[in-house]
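For reference, model15.cif (mmCIF, C-alpha atoms):
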```cif
data_target
loop_
_atom_site.label_atom_id
_atom_site.label_comp_id
_atom_site.auth_asym_id
_atom_site.auth_seq_id
_atom_site.Cartn_x
_atom_site.Cartn_y
_atom_site.Cartn_z
CA MET A 1 -24.58 -9.16 16.75
CA TYR A 2 -22.56 -7.93 13.74
CA ASN A 3 -24.64 -4.78 13.41
CA ILE A 4 -24.40 -4.03 17.12
CA ILE A 5 -20.63 -4.28 16.93
CA LEU A 6 -20.62 -1.98 13.87
CA TYR A 7 -22.70 0.66 15.64
CA LEU A 8 -20.37 0.53 18.65
CA TYR A 9 -17.37 0.74 16.35
CA ALA A 10 -18.81 3.75 14.53
CA PHE A 11 -19.60 5.47 17.82
CA GLY A 12 -16.11 4.78 19.14
CA ALA A 13 -14.57 6.23 15.98
CA TRP A 14 -16.71 9.35 16.33
CA VAL A 15 -15.50 9.86 19.90
CA LEU A 16 -11.89 9.23 18.88
CA SER A 17 -12.19 11.78 16.08
CA PHE A 18 -12.13 14.57 18.67
CA PHE A 19 -8.59 13.53 19.61
CA ASP A 20 -7.11 11.94 16.47
CA GLN A 21 -6.78 13.95 13.24
CA LYS A 22 -6.58 10.84 11.05
CA VAL A 23 -9.84 9.48 12.40
CA LYS A 24 -11.41 12.93 12.13
CA LYS A 25 -10.57 13.05 8.42
CA MET A 26 -12.28 9.69 7.97
CA ILE A 27 -15.44 10.77 9.81
CA VAL A 28 -15.67 14.07 7.93
CA GLY A 29 -14.95 12.30 4.65
CA GLN A 30 -17.68 9.73 5.19
CA ARG A 31 -20.19 12.53 5.71
CA GLN A 32 -19.32 13.84 2.25
CA THR A 33 -19.84 10.52 0.49
CA VAL A 34 -23.54 10.97 -0.25
CA SER A 35 -23.07 14.36 -1.92
CA ILE A 36 -20.08 13.03 -3.92
CA LEU A 37 -22.18 10.13 -5.22
CA ARG A 38 -25.14 12.35 -6.08
CA GLN A 39 -22.93 14.73 -8.02
CA GLY A 40 -20.79 12.12 -9.74
CA ILE A 41 -23.18 9.30 -10.65
CA GLN A 42 -26.26 9.43 -12.84
CA ALA A 43 -29.01 6.81 -12.99
CA SER A 44 -27.96 5.79 -16.50
CA ASP A 45 -24.27 5.27 -15.65
CA ARG A 46 -22.74 1.81 -15.76
CA ILE A 47 -20.67 1.62 -12.58
CA ALA A 48 -17.67 -0.57 -11.85
CA TRP A 49 -16.95 -0.21 -8.16
CA PHE A 50 -13.50 -0.88 -6.71
CA HIS A 51 -13.05 -0.86 -2.95
CA ALA A 52 -9.66 -0.68 -1.23
CA ALA A 53 -9.04 -0.46 2.48
CA SER A 54 -5.99 1.73 2.06
CA LEU A 55 -3.13 2.67 -0.25
CA GLY A 56 -1.57 -0.78 -0.51
CA GLU A 57 -4.82 -2.40 -1.61
CA PHE A 58 -5.41 0.45 -4.07
CA GLU A 59 -2.08 -0.36 -5.73
CA GLN A 60 -3.17 -4.00 -6.07
CA GLY A 61 -6.38 -2.97 -7.81
CA ARG A 62 -4.84 -0.26 -9.95
CA PRO A 63 -3.79 -2.52 -12.88
CA LEU A 64 -7.42 -3.62 -13.24
CA MET A 65 -8.81 -0.09 -13.07
CA GLU A 66 -6.38 1.29 -15.61
CA ARG A 67 -6.94 -1.52 -18.08
CA LEU A 68 -10.71 -1.18 -17.66
CA ARG A 69 -10.41 2.53 -18.37
CA ARG A 70 -8.55 1.79 -21.63
CA GLU A 71 -10.63 -1.11 -22.89
CA HIS A 72 -14.13 -0.46 -21.55
CA PRO A 73 -14.70 3.31 -21.35
CA GLU A 74 -18.43 2.66 -21.16
CA TYR A 75 -17.94 1.98 -17.45
CA LYS A 76 -17.69 4.79 -14.95
CA ILE A 77 -15.21 3.80 -12.25
CA LEU A 78 -16.13 4.36 -8.61
CA LEU A 79 -13.25 4.02 -6.16
CA THR A 80 -13.83 3.88 -2.42
CA PHE A 81 -11.44 3.81 0.52
CA PHE A 82 -11.92 3.08 4.19
CA SER A 83 -8.67 4.54 5.51
CA PRO A 84 -7.52 8.17 5.23
CA SER A 85 -4.02 6.93 4.36
CA GLY A 86 -5.52 5.73 1.08
CA TYR A 87 -8.12 8.37 0.36
CA GLU A 88 -6.06 11.44 1.25
CA VAL A 89 -3.20 10.33 -1.02
CA ARG A 90 -5.33 9.19 -3.97
CA LYS A 91 -8.44 11.39 -3.83
CA ASN A 92 -7.37 13.06 -7.07
CA TYR A 93 -6.44 9.84 -8.89
CA SER A 94 -7.25 10.35 -12.57
CA GLY A 95 -7.96 6.68 -13.20
CA ALA A 96 -11.33 6.80 -11.43
CA ASP A 97 -14.38 8.96 -12.13
CA VAL A 98 -15.69 9.13 -8.58
CA ILE A 99 -13.60 8.73 -5.42
CA CYS A 100 -14.96 8.77 -1.88
CA TYR A 101 -14.86 7.14 1.53
CA LEU A 102 -16.91 4.02 2.16
CA PRO A 103 -19.18 4.76 5.14
CA PHE A 104 -19.37 2.36 8.08
CA ASP A 105 -21.13 -0.89 7.22
CA THR A 106 -24.43 -0.26 8.99
CA PRO A 107 -27.60 -1.45 7.22
CA ARG A 108 -28.92 2.07 6.58
CA ARG A 109 -25.62 3.44 5.27
CA ALA A 110 -25.00 0.42 3.06
CA LYS A 111 -28.49 0.63 1.57
CA ARG A 112 -28.17 4.36 0.80
CA PHE A 113 -24.70 3.98 -0.67
CA LEU A 114 -25.75 1.16 -2.99
CA ARG A 115 -28.92 2.97 -4.06
CA LEU A 116 -26.88 5.99 -5.15
CA ALA A 117 -23.95 4.06 -6.61
CA HIS A 118 -25.94 1.19 -8.21
CA PRO A 119 -22.76 -0.70 -9.20
CA GLU A 120 -22.99 -3.28 -11.94
CA ILE A 121 -19.73 -4.85 -10.82
CA GLY A 122 -18.03 -4.67 -7.42
CA VAL A 123 -14.35 -5.55 -6.90
CA PHE A 124 -13.11 -5.85 -3.31
CA ILE A 125 -9.33 -5.86 -3.09
CA LYS A 126 -7.52 -8.31 -0.77
CA TYR A 127 -9.42 -7.79 2.49
CA GLU A 128 -12.53 -5.77 3.38
CA PHE A 129 -15.43 -8.20 3.67
CA TRP A 130 -18.22 -5.91 4.86
CA GLN A 131 -21.32 -8.01 5.48
CA ASN A 132 -24.08 -5.47 4.84
CA TYR A 133 -22.50 -4.03 1.71
CA LEU A 134 -21.88 -7.47 0.26
CA MET A 135 -25.28 -8.92 1.07
CA LYS A 136 -27.25 -5.89 -0.12
CA ALA A 137 -25.14 -5.54 -3.27
CA HIS A 138 -25.65 -9.23 -4.06
CA ARG A 139 -29.43 -8.87 -3.62
CA GLN A 140 -29.33 -5.79 -5.81
CA GLY A 141 -27.79 -7.83 -8.63
CA THR A 142 -24.23 -6.54 -8.44
CA LYS A 143 -21.62 -9.03 -9.65
CA LEU A 144 -19.11 -9.26 -6.80
CA TYR A 145 -15.48 -10.29 -6.96
CA SER A 146 -12.65 -10.55 -4.45
CA VAL A 147 -9.19 -9.93 -5.92
CA SER A 148 -5.79 -10.81 -4.44
CA SER A 149 -7.52 -12.12 -1.33
CA ILE A 150 -5.63 -14.24 1.14
CA PHE A 151 -7.07 -16.21 4.05
CA ARG A 152 -5.62 -17.72 7.21
CA PRO A 153 -7.00 -20.24 9.72
CA SER A 154 -6.91 -17.58 12.44
CA GLN A 155 -9.57 -15.47 10.69
CA HIS A 156 -12.99 -15.58 12.26
CA PHE A 157 -14.60 -16.94 9.08
CA PHE A 158 -13.00 -20.32 9.81
CA LYS A 159 -13.71 -20.59 13.54
CA TRP A 160 -16.55 -22.76 14.82
CA TRP A 161 -18.36 -19.61 15.87
CA GLY A 162 -17.43 -17.65 12.74
CA ASN A 163 -19.78 -16.35 10.06
CA SER A 164 -18.71 -17.03 6.47
CA LYS A 165 -21.90 -15.53 5.02
CA PRO A 166 -20.14 -12.39 3.66
CA LEU A 167 -17.80 -14.58 1.61
CA ARG A 168 -20.72 -16.43 0.05
CA GLN A 169 -21.92 -13.24 -1.62
CA PHE A 170 -19.02 -13.19 -4.07
CA ASP A 171 -19.55 -14.50 -7.57
CA HIS A 172 -15.88 -15.44 -7.59
CA LEU A 173 -12.82 -15.10 -5.36
CA PHE A 174 -9.37 -14.78 -6.89
CA VAL A 175 -7.03 -15.86 -4.12
CA GLN A 176 -3.27 -15.76 -3.68
CA ASN A 177 -2.50 -19.31 -2.58
CA GLU A 178 -3.62 -22.89 -2.07
CA THR A 179 -4.13 -22.44 1.67
CA SER A 180 -6.80 -19.83 0.95
CA ARG A 181 -8.56 -22.13 -1.50
CA GLN A 182 -8.59 -24.99 0.99
CA LEU A 183 -9.94 -22.84 3.82
CA LEU A 184 -12.77 -21.59 1.62
CA ALA A 185 -13.52 -25.16 0.50
CA GLN A 186 -14.00 -26.10 4.17
CA ARG A 187 -16.91 -23.64 4.15
CA ASN A 188 -18.20 -25.07 0.85
CA ILE A 189 -17.13 -21.97 -1.05
CA THR A 190 -15.80 -23.32 -4.35
CA CYS A 191 -16.08 -20.38 -6.76
CA VAL A 192 -12.36 -19.82 -6.24
CA THR A 193 -9.33 -19.52 -8.51
CA ILE A 194 -5.69 -19.29 -7.42
CA VAL A 195 -4.09 -16.47 -9.42
CA GLY A 196 -1.50 -14.97 -7.08
CA ASP A 197 -1.12 -11.33 -6.14
CA THR A 198 -1.85 -8.45 -8.54
CA ARG A 199 0.70 -6.39 -6.59
CA PHE A 200 3.49 -7.99 -8.63
CA ASP A 201 1.99 -6.67 -11.85
CA ARG A 202 1.64 -3.25 -10.33
CA VAL A 203 5.26 -2.98 -9.17
CA ILE A 204 6.50 -4.14 -12.58
CA ASP A 205 4.38 -1.42 -14.16
CA ILE A 206 5.78 1.13 -11.69
CA ARG A 207 9.34 0.09 -12.51
CA THR A 208 8.64 0.37 -16.24
CA LYS A 209 7.14 3.83 -15.86
CA ALA A 210 9.43 5.05 -13.08
CA THR A 211 9.80 8.81 -13.35
CA ASP A 212 13.12 10.59 -13.51
CA LEU A 213 14.01 12.28 -10.24
CA PRO A 214 16.87 14.68 -11.00
CA LEU A 215 17.15 15.86 -7.40
CA VAL A 216 17.64 12.32 -6.15
CA GLU A 217 20.12 11.62 -8.92
CA ARG A 218 22.14 14.67 -7.94
CA PHE A 219 22.12 13.58 -4.30
CA VAL A 220 23.26 10.07 -5.16
CA ASN A 221 25.85 11.48 -7.58
CA LYS A 222 27.19 8.09 -8.75
CA ALA A 223 27.76 6.87 -5.19
CA GLU A 224 28.70 3.21 -5.09
CA LYS A 225 26.73 2.46 -1.92
CA VAL A 226 23.23 3.82 -1.40
CA PHE A 227 20.97 2.56 1.40
CA ILE A 228 17.29 3.40 1.01
CA ALA A 229 14.95 3.02 3.97
CA GLY A 230 11.36 2.99 2.70
CA SER A 231 8.28 3.41 4.90
CA SER A 232 10.65 3.96 7.81
CA TRP A 233 9.58 3.97 11.46
CA GLU A 234 11.54 5.02 14.54
CA PRO A 235 12.28 1.43 15.70
CA ASP A 236 13.85 0.70 12.30
CA GLU A 237 15.94 3.85 12.58
CA ASP A 238 17.17 2.88 16.05
CA ILE A 239 18.98 0.01 14.35
CA TYR A 240 20.15 1.24 10.97
CA LEU A 241 21.08 4.85 11.78
CA PRO A 242 23.93 4.10 14.26
CA TYR A 243 25.48 1.66 11.79
CA LEU A 244 25.31 4.08 8.88
CA ALA A 245 26.63 6.91 11.04
CA GLU A 246 29.78 4.84 11.52
CA HIS A 247 30.05 3.93 7.81
CA PRO A 248 30.31 7.20 5.88
CA ASP A 249 30.90 5.35 2.59
CA TRP A 250 27.13 4.73 2.47
CA LYS A 251 24.69 7.43 1.38
CA LEU A 252 21.27 7.23 2.94
CA ILE A 253 17.79 8.07 1.65
CA ILE A 254 14.97 7.88 4.20
CA ALA A 255 11.29 7.92 3.26
CA PRO A 256 9.37 7.98 6.57
CA HIS A 257 6.05 6.15 6.65
CA VAL A 258 4.48 9.09 8.46
CA VAL A 259 5.21 12.51 6.99
CA ASN A 260 4.43 15.53 9.13
CA GLU A 261 6.38 18.43 10.59
CA ASN A 262 6.91 16.84 14.01
CA ARG A 263 8.10 13.53 12.57
CA ILE A 264 10.54 15.16 10.15
CA ALA A 265 11.86 17.53 12.81
CA ALA A 266 12.49 14.65 15.22
CA LEU A 267 14.26 12.66 12.51
CA GLN A 268 16.48 15.60 11.61
CA GLN A 269 17.37 16.10 15.26
CA ARG A 270 18.32 12.43 15.56
CA LEU A 271 20.51 12.68 12.44
CA HIS A 272 22.15 15.84 13.76
CA GLU A 273 23.02 14.10 17.03
CA LEU A 274 24.67 11.32 15.02
CA GLY A 275 26.65 13.83 12.96
CA MET A 276 24.82 13.00 9.74
CA GLU A 277 24.21 16.13 7.70
CA ASN A 278 20.87 15.96 5.94
CA VAL A 279 18.48 17.78 3.66
CA THR A 280 14.80 17.26 2.82
CA TYR A 281 13.51 16.67 -0.67
CA THR A 282 11.04 19.54 -0.48
CA HIS A 283 13.81 21.91 0.61
CA LEU A 284 15.81 21.02 -2.49
CA GLU A 285 12.73 21.30 -4.64
CA GLN A 286 11.66 24.66 -3.28
CA ALA A 287 15.12 26.21 -3.36
CA THR A 288 15.78 25.26 -6.97
CA GLN A 289 12.35 26.45 -8.08
CA GLU A 290 12.67 29.80 -6.36
CA GLN A 291 16.10 30.46 -7.87
CA LYS A 292 15.82 28.98 -11.33
CA LYS A 293 18.61 31.08 -12.81
CA ASP A 294 21.05 29.99 -10.12
CA GLY A 295 19.40 26.64 -9.50
CA GLU A 296 22.49 24.58 -10.23
CA ALA A 297 24.67 26.60 -7.87
CA VAL A 298 22.00 26.53 -5.17
CA LEU A 299 21.61 22.76 -5.50
CA LYS A 300 25.34 22.21 -5.33
CA GLU A 301 25.57 24.27 -2.15
CA LEU A 302 22.60 22.53 -0.50
CA LEU A 303 23.97 19.06 -1.25
CA CYS A 304 27.53 19.82 -0.22
CA GLY A 305 28.48 17.48 2.65
CA LYS A 306 25.00 15.96 2.90
CA ARG A 307 24.93 12.22 3.54
CA VAL A 308 21.19 11.87 4.11
CA LEU A 309 18.21 12.80 1.94
CA ILE A 310 14.84 12.79 3.71
CA VAL A 311 11.93 12.22 1.33
CA ASN A 312 9.25 14.24 3.09
CA SER A 313 6.53 13.90 0.47
CA TYR A 314 4.38 11.04 -0.77
CA GLY A 315 4.34 9.30 -4.15
CA LYS A 316 8.07 9.14 -4.92
CA LEU A 317 9.32 6.11 -3.01
CA SER A 318 8.38 3.56 -5.67
CA SER A 319 10.63 5.35 -8.17
CA ILE A 320 13.39 6.17 -5.67
CA TYR A 321 14.12 2.51 -4.90
CA ARG A 322 15.87 2.18 -8.26
CA TYR A 323 18.80 4.19 -6.88
CA ALA A 324 19.42 1.71 -4.05
CA THR A 325 22.29 -0.68 -3.55
CA VAL A 326 20.40 -2.18 -0.61
CA ALA A 327 16.89 -1.31 0.58
CA GLU A 328 15.13 -1.67 3.91
CA VAL A 329 11.34 -1.82 4.07
CA GLY A 330 10.11 -0.57 7.40
CA GLY A 331 7.42 -1.63 9.84
CA GLY A 332 8.97 -4.94 10.82
CA PHE A 333 9.47 -3.88 14.43
CA GLY A 334 5.88 -2.79 14.97
CA VAL A 335 2.85 -2.62 12.70
CA GLY A 336 4.21 -5.15 10.19
CA ILE A 337 6.33 -4.65 7.09
CA HIS A 338 5.11 -2.56 4.20
CA ASN A 339 5.43 -3.08 0.44
CA VAL A 340 8.42 -5.39 -0.08
CA PRO A 341 7.81 -6.08 -3.82
CA GLU A 342 7.97 -2.33 -4.49
CA ALA A 343 11.68 -2.46 -3.67
CA ALA A 344 12.49 -5.99 -4.84
CA VAL A 345 11.28 -5.32 -8.39
CA TYR A 346 14.44 -3.28 -9.00
CA GLY A 347 16.64 -6.32 -8.44
CA ILE A 348 18.12 -5.22 -5.12
CA PRO A 349 18.38 -7.12 -1.82
CA VAL A 350 15.75 -6.09 0.72
CA LEU A 351 16.14 -6.05 4.50
CA ILE A 352 13.09 -6.46 6.74
CA GLY A 353 12.36 -6.61 10.46
CA PRO A 354 11.00 -9.68 12.28
CA ASN A 355 7.28 -8.87 12.02
CA ASN A 356 6.99 -10.36 8.54
CA HIS A 357 5.40 -13.77 9.06
CA LYS A 358 1.93 -12.79 7.85
CA PHE A 359 3.27 -11.43 4.58
CA ARG A 360 3.38 -14.10 1.90
CA GLU A 361 5.65 -12.24 -0.50
CA ALA A 362 8.14 -11.46 2.27
CA GLN A 363 8.30 -15.11 3.31
CA ALA A 364 8.85 -16.20 -0.27
CA LEU A 365 11.58 -13.60 -0.80
CA LEU A 366 13.33 -14.73 2.36
CA LYS A 367 13.33 -18.31 1.10
CA SER A 368 14.57 -17.29 -2.34
CA GLY A 369 17.48 -15.31 -0.95
CA GLY A 370 16.22 -11.95 -2.20
CA ALA A 371 15.25 -10.64 1.25
CA PHE A 372 16.95 -10.88 4.63
CA GLU A 373 15.59 -10.55 8.15
CA PHE A 374 17.40 -8.55 10.81
CA THR A 375 16.34 -8.58 14.42
CA ASP A 376 18.81 -6.24 16.07
CA ALA A 377 21.87 -4.07 15.47
CA ALA A 378 24.20 -7.07 15.33
CA THR A 379 22.31 -8.95 12.61
CA PHE A 380 21.87 -5.74 10.63
CA ALA A 381 25.58 -4.98 10.79
CA GLN A 382 26.46 -8.53 9.78
CA LEU A 383 24.32 -8.31 6.66
CA MET A 384 25.49 -4.84 5.69
CA ASP A 385 29.13 -5.78 6.15
CA ARG A 386 28.71 -8.74 3.84
CA PHE A 387 26.91 -6.70 1.18
CA ALA A 388 29.76 -4.19 1.29
CA SER A 389 32.56 -6.76 1.14
CA ASP A 390 31.10 -9.47 -1.12
CA PRO A 391 29.99 -8.14 -4.55
CA ALA A 392 28.97 -11.62 -5.72
CA PHE A 393 26.67 -12.07 -2.71
CA LEU A 394 25.14 -8.62 -3.28
CA SER A 395 24.57 -9.30 -6.97
CA GLU A 396 23.04 -12.75 -6.43
CA ALA A 397 20.70 -11.46 -3.72
CA GLY A 398 19.47 -8.70 -6.02
CA LYS A 399 18.98 -11.17 -8.86
CA GLN A 400 16.91 -13.46 -6.66
CA ALA A 401 14.71 -10.54 -5.61
CA GLY A 402 14.05 -9.43 -9.17
CA ASP A 403 13.50 -12.96 -10.46
CA TYR A 404 10.94 -13.67 -7.75
CA ILE A 405 8.85 -10.69 -8.85
CA GLN A 406 8.97 -11.73 -12.51
CA ARG A 407 7.99 -15.32 -11.72
CA ASN A 408 4.88 -14.20 -9.92
CA ALA A 409 3.56 -11.71 -12.46
CA GLY A 410 0.32 -12.22 -14.37
CA ALA A 411 -2.43 -12.24 -11.72
CA ALA A 412 -3.92 -8.93 -12.87
CA ALA A 413 -4.44 -10.17 -16.42
CA LYS A 414 -6.11 -13.37 -15.21
CA CYS A 415 -8.49 -11.46 -12.95
CA TYR A 416 -9.30 -8.87 -15.58
CA GLU A 417 -10.13 -11.40 -18.28
CA ALA A 418 -12.41 -13.36 -15.96
CA ILE A 419 -14.25 -10.31 -14.64
CA PHE A 420 -14.51 -7.89 -17.55
CA ASN A 421 -14.07 -10.03 -20.68
CA ARG A 422 -16.25 -12.93 -19.63
#
```
Once you've parsed the file, please lay out its structure as structure tokens.
Amino acid sequence: MYNIILYLYAFGAWVLSFFDQKVKKMIVGQRQTVSILRQGIQASDRIAWFHAASLGEFEQGRPLMERLRREHPEYKILLTFFSPSGYEVRKNYSGADVICYLPFDTPRRAKRFLRLAHPEIGVFIKYEFWQNYLMKAHRQGTKLYSVSSIFRPSQHFFKWWGNSKPLRQFDHLFVQNETSRQLLAQRNITCVTIVGDTRFDRVIDIRTKATDLPLVERFVNKAEKVFIAGSSWEPDEDIYLPYLAEHPDWKLIIAPHVVNENRIAALQQRLHELGMENVTYTHLEQATQEQKKDGEAVLKELLCGKRVLIVNSYGKLSSIYRYATVAEVGGGFGVGIHNVPEAAVYGIPVLIGPNNHKFREAQALLKSGGAFEFTDAATFAQLMDRFASDPAFLSEAGKQAGDYIQRNAGAAAKCYEAIFNR
């Protein structure tokens, strides 16, 4: 039954690729996987394989990959993605030797992939429990590990009709919480250790290595109130933009979750209608590069009267959060919130929408007083007004956010020692 569903899924994705550019990139990318493996991996190579569904999971696995690179250079690192939002952003990541898409989990594709890759160790990050890959890799002698995984009763593995066989292929599962351990124990899977989430270690590392962003610094220009909306979606903007339009003492930096010409143009039109003068990061970047001699004057002119900076490129948000007085992490009115720890690590209060209940770190931050849920314009305004008028409340909320991240650090080191220094 599983394989039938996979074939139908693959066929459906192929049909959808004629209409959806994101899916098309995935299909085309999967077709290139075999040639990438043949060119990048030799029979004598010792392969450590890391698989991430998308960009968020990649960030959770990154501390392990980078430490492995430093301490065990005898391994060649293979990094695979399922989603274009991960692969297209990190296909040139220098921390891995070979990067490609993971083809659909059909028996034939899984067998060919594993024959070419012949991984000695396989690390699956958080989710992604592909039955054929796991079973064939286990039979092939690959040591398999699940890192930062989290399980819920609603998952099919724990239903009366569910199949927990894929989970039994792991040599060890490093889970985030006690609930996950108990659910696995119900299926007699006991090779489990609670270590927490490696994402905390990654965001601490990002904060430590945060790059200087002179253009952002010039935009902020010592402003006392800076609101940063990260991974922003239109439903988020429907709430926070009207408020900020009426409170010109706040500067605004928006990093849309989706970056393309149509999305940026629509956002700029919305800001124009609200009377909020704006400029894009790439416009600042291009203008100052083209006129290096007069760059300072050009920058001053471009920023004059601008209240909003649109970050229309990837890879900068994690460093930009450090300029925030208050941050909002988008997705909470639709797909689900994005990376809350990425903002909280800077010791700033974080606002999130109501679709946050499946996100463990968001729930914990809400309880600690480092994050705050808003459900509509009224609750958003109430929170923002208090942040603006109560410095002690603002400071304590930021402290709680930063302290929560620090308390939960250390999972990456525990996983690494158990997997690679055993």
Checklist entry - Between CA of Leu55 (chain A) and CA of Gly29 (chain A), what is the distance, to one decimal in Å? => result 16.0 Å
Checklist entry - Got a sec to resolve the PyMOL selection byres ((chain A and resi 256-273) around 7) on this structure and send the residues as number ranges by chain? => result A: 230-233, 254-255, 274-277, 312-313
Counting all atoms listed in the file, give me one row per residue of region 126-208 of chain A with an atom at most 10 Å from an atom of region 413-421 of chain A, showing the shortest contact pair and its distance in Å to one decimal, sorted by chain then residue number, as a Markdown table.
```
| residue | atom | partner | partner_atom | distance |
| --- | --- | --- | --- | --- |
| A:Lys143 | CA | A:Ile419 | CA | 9.0 |
| A:Leu144 | CA | A:Ile419 | CA | 9.3 |
| A:Tyr145 | CA | A:Ile419 | CA | 7.8 |
| A:Ser146 | CA | A:Cys415 | CA | 9.5 |
| A:Val147 | CA | A:Cys415 | CA | 7.2 |
| A:Ser148 | CA | A:Cys415 | CA | 9.0 |
| A:Asp171 | CA | A:Ile419 | CA | 9.8 |
| A:His172 | CA | A:Ile419 | CA | 8.9 |
| A:Leu173 | CA | A:Cys415 | CA | 9.5 |
| A:Phe174 | CA | A:Cys415 | CA | 7.0 |
| A:Val175 | CA | A:Cys415 | CA | 10.0 |
| A:Thr193 | CA | A:Cys415 | CA | 9.2 |
| A:Ile194 | CA | A:Lys414 | CA | 9.8 |
| A:Val195 | CA | A:Lys414 | CA | 6.9 |
| A:Gly196 | CA | A:Lys414 | CA | 9.5 |
| A:Thr198 | CA | A:Ala413 | CA | 8.5 |
| A:Asp201 | CA | A:Ala413 | CA | 8.6 |
```
Item to check | Residues within 9 Å of region 100-117 of chain A, only C-alpha atoms, excluding chain neighbours under 6 positions, as a VMD selection string | outcome: chain A and resid 3 to 4 6 to 7 9 to 10 26 to 27 29 to 34 36 to 38 41 to 43 47 49 51 78 to 84 87 91 130 to 134 136 to 137 140
Name all residues at most 12 Å from Pro391 (chain A) (count only C-alpha atoms; drop same-chain ones fewer than 3 positions away) and give them as a PDB file with C-alpha atoms, in the frame of the given file.
```
ATOM      1  CA  GLU A 224      28.700   3.210  -5.090  1.00  0.00           C
ATOM      2  CA  LYS A 225      26.730   2.460  -1.920  1.00  0.00           C
ATOM      3  CA  THR A 325      22.290  -0.680  -3.550  1.00  0.00           C
ATOM      4  CA  VAL A 326      20.400  -2.180  -0.610  1.00  0.00           C
ATOM      5  CA  PRO A 349      18.380  -7.120  -1.820  1.00  0.00           C
ATOM      6  CA  MET A 384      25.490  -4.840   5.690  1.00  0.00           C
ATOM      7  CA  ASP A 385      29.130  -5.780   6.150  1.00  0.00           C
ATOM      8  CA  ARG A 386      28.710  -8.740   3.840  1.00  0.00           C
ATOM      9  CA  PHE A 387      26.910  -6.700   1.180  1.00  0.00           C
ATOM     10  CA  ALA A 388      29.760  -4.190   1.290  1.00  0.00           C
ATOM     11  CA  LEU A 394      25.140  -8.620  -3.280  1.00  0.00           C
ATOM     12  CA  SER A 395      24.570  -9.300  -6.970  1.00  0.00           C
ATOM     13  CA  GLU A 396      23.040 -12.750  -6.430  1.00  0.00           C
ATOM     14  CA  ALA A 397      20.700 -11.460  -3.720  1.00  0.00           C
ATOM     15  CA  GLY A 398      19.470  -8.700  -6.020  1.00  0.00           C
TER      16      GLY A 398
END
```
